[in-house]
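What's in protein.pdb: PDB, C-alpha atoms
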```
ATOM      1  CA  MET A1119       7.740 -15.270 -14.395
ATOM      2  CA  LYS A1120       6.779 -11.604 -14.428
ATOM      3  CA  SER A1121       8.622  -9.131 -16.577
ATOM      4  CA  PHE A1122      10.401  -6.112 -15.140
ATOM      5  CA  LYS A1123       7.730  -3.815 -16.622
ATOM      6  CA  SER A1124       4.927  -5.771 -14.956
ATOM      7  CA  HIS A1125       6.721  -5.508 -11.594
ATOM      8  CA  ILE A1126       7.050  -1.739 -12.036
ATOM      9  CA  LYS A1127       3.357  -1.395 -12.964
ATOM     10  CA  GLU A1128       2.328  -3.581 -10.027
ATOM     11  CA  ALA A1129       4.471  -1.557  -7.633
ATOM     12  CA  SER A1130       3.047   1.735  -8.861
ATOM     13  CA  THR A1131      -0.483   0.594  -7.989
ATOM     14  CA  MET A1132       0.336  -0.684  -4.491
ATOM     15  CA  CYS A1133       0.265   1.053  -1.127
ATOM     16  CA  CYS A1134       1.046   0.110   2.460
ATOM     17  CA  LYS A1135      -1.996  -1.278   4.267
ATOM     18  CA  ASP A1136      -0.725   0.201   7.548
ATOM     19  CA  CYS A1137      -0.117   3.810   6.523
ATOM     20  CA  GLY A1138      -1.243   4.298   2.900
ATOM     21  CA  ASP A1139       2.181   5.242   1.527
ATOM     22  CA  GLU A1140       2.739   4.317  -2.096
ATOM     23  CA  PHE A1141       5.442   1.805  -2.965
ATOM     24  CA  GLY A1142       8.798   3.598  -3.074
ATOM     25  CA  LYS A1143       7.363   6.879  -1.748
ATOM     26  CA  PRO A1144       7.631   6.895   2.048
ATOM     27  CA  THR A1145       6.215   9.725   4.111
ATOM     28  CA  GLU A1146       8.718  10.849   6.719
ATOM     29  CA  GLY A1147       7.443  11.036  10.265
ATOM     30  CA  ASN A1148       4.283   8.954   9.819
ATOM     31  CA  GLY A1149       5.564   6.288  12.236
ATOM     32  CA  CYS A1150       5.278   3.361   9.827
ATOM     33  CA  LYS A1151       8.161   0.892  10.213
ATOM     34  CA  ASN A1152       7.515  -1.003   6.953
ATOM     35  CA  ASP A1153      10.192  -1.059   4.242
ATOM     36  CA  CYS A1154       8.852   1.073   1.416
ATOM     37  CA  SER A1155      11.103  -0.641  -1.131
ATOM     38  CA  ASP A1156      10.270  -4.319  -0.421
ATOM     39  CA  LEU A1157       7.654  -5.297  -3.012
ATOM     40  CA  ASN A1158       7.529  -8.880  -1.686
ATOM     41  CA  ALA A1159       6.330  -7.831   1.770
ATOM     42  CA  SER A1160       2.855  -8.826   2.926
ATOM     43  CA  TYR A1161       1.745  -5.291   3.794
ATOM     44  CA  TRP A1162       1.286  -4.125   0.181
ATOM     45  CA  VAL A1163      -2.282  -3.929  -1.097
ATOM     46  CA  PRO A1164      -3.774  -2.449  -4.260
ATOM     47  CA  LYS A1165      -4.598   1.253  -3.872
ATOM     48  CA  ASN A1166      -8.309   0.685  -4.445
ATOM     49  CA  GLU A1167      -8.372  -2.012  -1.732
ATOM     50  CA  TYR A1168      -6.618   0.334   0.716
ATOM     51  CA  LYS A1169      -9.129   3.094  -0.053
ATOM     52  CA  GLU A1170     -12.019   0.682   0.598
ATOM     53  CA  MET A1171     -10.447  -0.410   3.911
ATOM     54  CA  ALA A1172      -9.895   3.227   4.951
ATOM     55  CA  GLU A1173     -13.470   4.195   4.061
ATOM     56  CA  ALA A1174     -14.871   1.197   5.960
ATOM     57  CA  ASN A1175     -12.723   2.095   8.970
ATOM     58  CA  ASP A1176     -13.901   5.722   8.854
ATOM     59  CA  ALA A1177     -17.523   4.602   8.685
ATOM     60  CA  HIS A1178     -16.974   2.199  11.588
ATOM     61  CA  CYS A1179     -15.326   4.894  13.712
ATOM     62  CA  SER A1180     -18.086   7.425  13.023
ATOM     63  CA  ASP A1181     -20.725   4.893  14.167
ATOM     64  CA  GLU A1182     -19.248   4.741  17.677
TER      65      GLU A1182
END
```
For the structure just supplied, provide its representation as C-alpha coordinates.
Amino acid sequence: MKSFKSHIKEASTMCCKDCGDEFGKPTEGNGCKNDCSDLNASYWVPKNEYKEMAEANDAHCSDE
(Lines of atoms letter the chains of each structure in order from A and count residues from 1; the text may use other names and numbers.)
(Lines give C-alpha, C1' and ligand atoms only; values in the text may rest on other atoms or scores of the structure.)
Protein backbone atom coordinates (compact mmCIF):
# COMPACT_ATOMS: atom_id res chain seq x y z
CA MET A 1 0.00 0.00 0.00
CA LYS A 2 1.33 3.42 -0.94
CA SER A 3 1.98 6.04 1.68
CA PHE A 4 0.27 9.42 1.64
CA LYS A 5 3.56 11.09 0.66
CA SER A 6 4.01 8.78 -2.32
CA HIS A 7 0.46 9.58 -3.50
CA ILE A 8 1.20 13.31 -3.26
CA LYS A 9 4.48 12.92 -5.19
CA GLU A 10 2.76 10.78 -7.83
CA ALA A 11 -0.04 13.31 -8.21
CA SER A 12 2.38 16.20 -8.59
CA THR A 13 4.03 14.50 -11.57
CA MET A 14 0.80 13.62 -13.40
CA CYS A 15 -1.19 15.53 -15.99
CA CYS A 16 -4.40 14.98 -17.93
CA LYS A 17 -3.78 13.19 -21.23
CA ASP A 18 -6.70 15.08 -22.81
CA CYS A 19 -5.77 18.67 -21.94
CA GLY A 20 -2.38 18.71 -20.18
CA ASP A 21 -3.64 20.16 -16.89
CA GLU A 22 -1.67 19.12 -13.84
CA PHE A 23 -3.38 17.09 -11.14
CA GLY A 24 -5.33 19.45 -8.87
CA LYS A 25 -4.68 22.49 -11.08
CA PRO A 26 -7.51 22.80 -13.61
CA THR A 27 -7.47 25.46 -16.29
CA GLU A 28 -10.83 27.19 -16.51
CA GLY A 29 -12.38 27.37 -19.94
CA ASN A 30 -10.23 24.73 -21.65
CA GLY A 31 -13.27 22.50 -22.28
CA CYS A 32 -11.91 19.42 -20.52
CA LYS A 33 -14.61 17.54 -18.59
CA ASN A 34 -12.23 15.35 -16.56
CA ASP A 35 -12.21 15.61 -12.76
CA CYS A 36 -8.94 17.27 -11.84
CA SER A 37 -9.03 15.83 -8.32
CA ASP A 38 -9.58 12.12 -9.11
CA LEU A 39 -6.13 10.51 -9.00
CA ASN A 40 -7.59 7.06 -9.74
CA ALA A 41 -8.98 8.10 -13.13
CA SER A 42 -7.54 6.57 -16.29
CA TYR A 43 -6.76 9.90 -17.97
CA TRP A 44 -3.72 10.72 -15.80
CA VAL A 45 -0.31 10.18 -17.38
CA PRO A 46 3.19 11.16 -16.28
CA LYS A 47 4.14 14.67 -17.43
CA ASN A 48 7.02 13.40 -19.55
CA GLU A 49 4.70 10.92 -21.31
CA TYR A 50 2.19 13.70 -22.03
CA LYS A 51 4.95 15.91 -23.45
CA GLU A 52 6.09 13.06 -25.73
CA MET A 53 2.50 12.49 -26.92
CA ALA A 54 2.02 16.22 -27.57
CA GLU A 55 5.30 16.47 -29.50
CA ALA A 56 4.43 13.40 -31.59
CA ASN A 57 0.99 14.86 -32.32
CA ASP A 58 2.53 18.20 -33.34
CA ALA A 59 4.97 16.44 -35.65
CA HIS A 60 2.15 14.37 -37.15
CA CYS A 61 -0.01 17.45 -37.74
CA SER A 62 2.83 19.39 -39.37
CA ASP A 63 3.43 16.50 -41.82
CA GLU A 64 -0.07 16.85 -43.28
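Taking atom CA of Thr1145 of chain A and atom CA of Pro1164 of chain A as the two end points, the separation is 17.8 Å.
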Would you mind listing what lies within 12 Å of Cys1137 of chain A as an mmCIF file with C-alpha atoms, in the frame of the given file, with all atoms listed in the file counted and same-chain residues fewer than 5 positions away left out?
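What follows is the written file part_24.cif:
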```
data_model
loop_
_atom_site.group_PDB
_atom_site.id
_atom_site.type_symbol
_atom_site.label_atom_id
_atom_site.label_comp_id
_atom_site.auth_asym_id
_atom_site.auth_seq_id
_atom_site.Cartn_x
_atom_site.Cartn_y
_atom_site.Cartn_z
ATOM 1 C CA MET A 1132 0.336 -0.684 -4.491
ATOM 2 C CA LYS A 1143 7.363 6.879 -1.748
ATOM 3 C CA PRO A 1144 7.631 6.895 2.048
ATOM 4 C CA THR A 1145 6.215 9.725 4.111
ATOM 5 C CA GLU A 1146 8.718 10.849 6.719
ATOM 6 C CA GLY A 1147 7.443 11.036 10.265
ATOM 7 C CA ASN A 1148 4.283 8.954 9.819
ATOM 8 C CA GLY A 1149 5.564 6.288 12.236
ATOM 9 C CA CYS A 1150 5.278 3.361 9.827
ATOM 10 C CA LYS A 1151 8.161 0.892 10.213
ATOM 11 C CA ASN A 1152 7.515 -1.003 6.953
ATOM 12 C CA ASP A 1153 10.192 -1.059 4.242
ATOM 13 C CA CYS A 1154 8.852 1.073 1.416
ATOM 14 C CA TYR A 1161 1.745 -5.291 3.794
ATOM 15 C CA TRP A 1162 1.286 -4.125 0.181
ATOM 16 C CA VAL A 1163 -2.282 -3.929 -1.097
ATOM 17 C CA LYS A 1165 -4.598 1.253 -3.872
ATOM 18 C CA TYR A 1168 -6.618 0.334 0.716
ATOM 19 C CA LYS A 1169 -9.129 3.094 -0.053
ATOM 20 C CA MET A 1171 -10.447 -0.410 3.911
ATOM 21 C CA ALA A 1172 -9.895 3.227 4.951
#
```
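Reported to one decimal place, the separation of atom CA of Glu1170 of chain A from atom CA of Asn1158 of chain A is 21.9 Å.
Taking atom CA of Asp1139 of chain A and atom CA of Glu1167 of chain A as the two end points, the separation is 13.2 Å.
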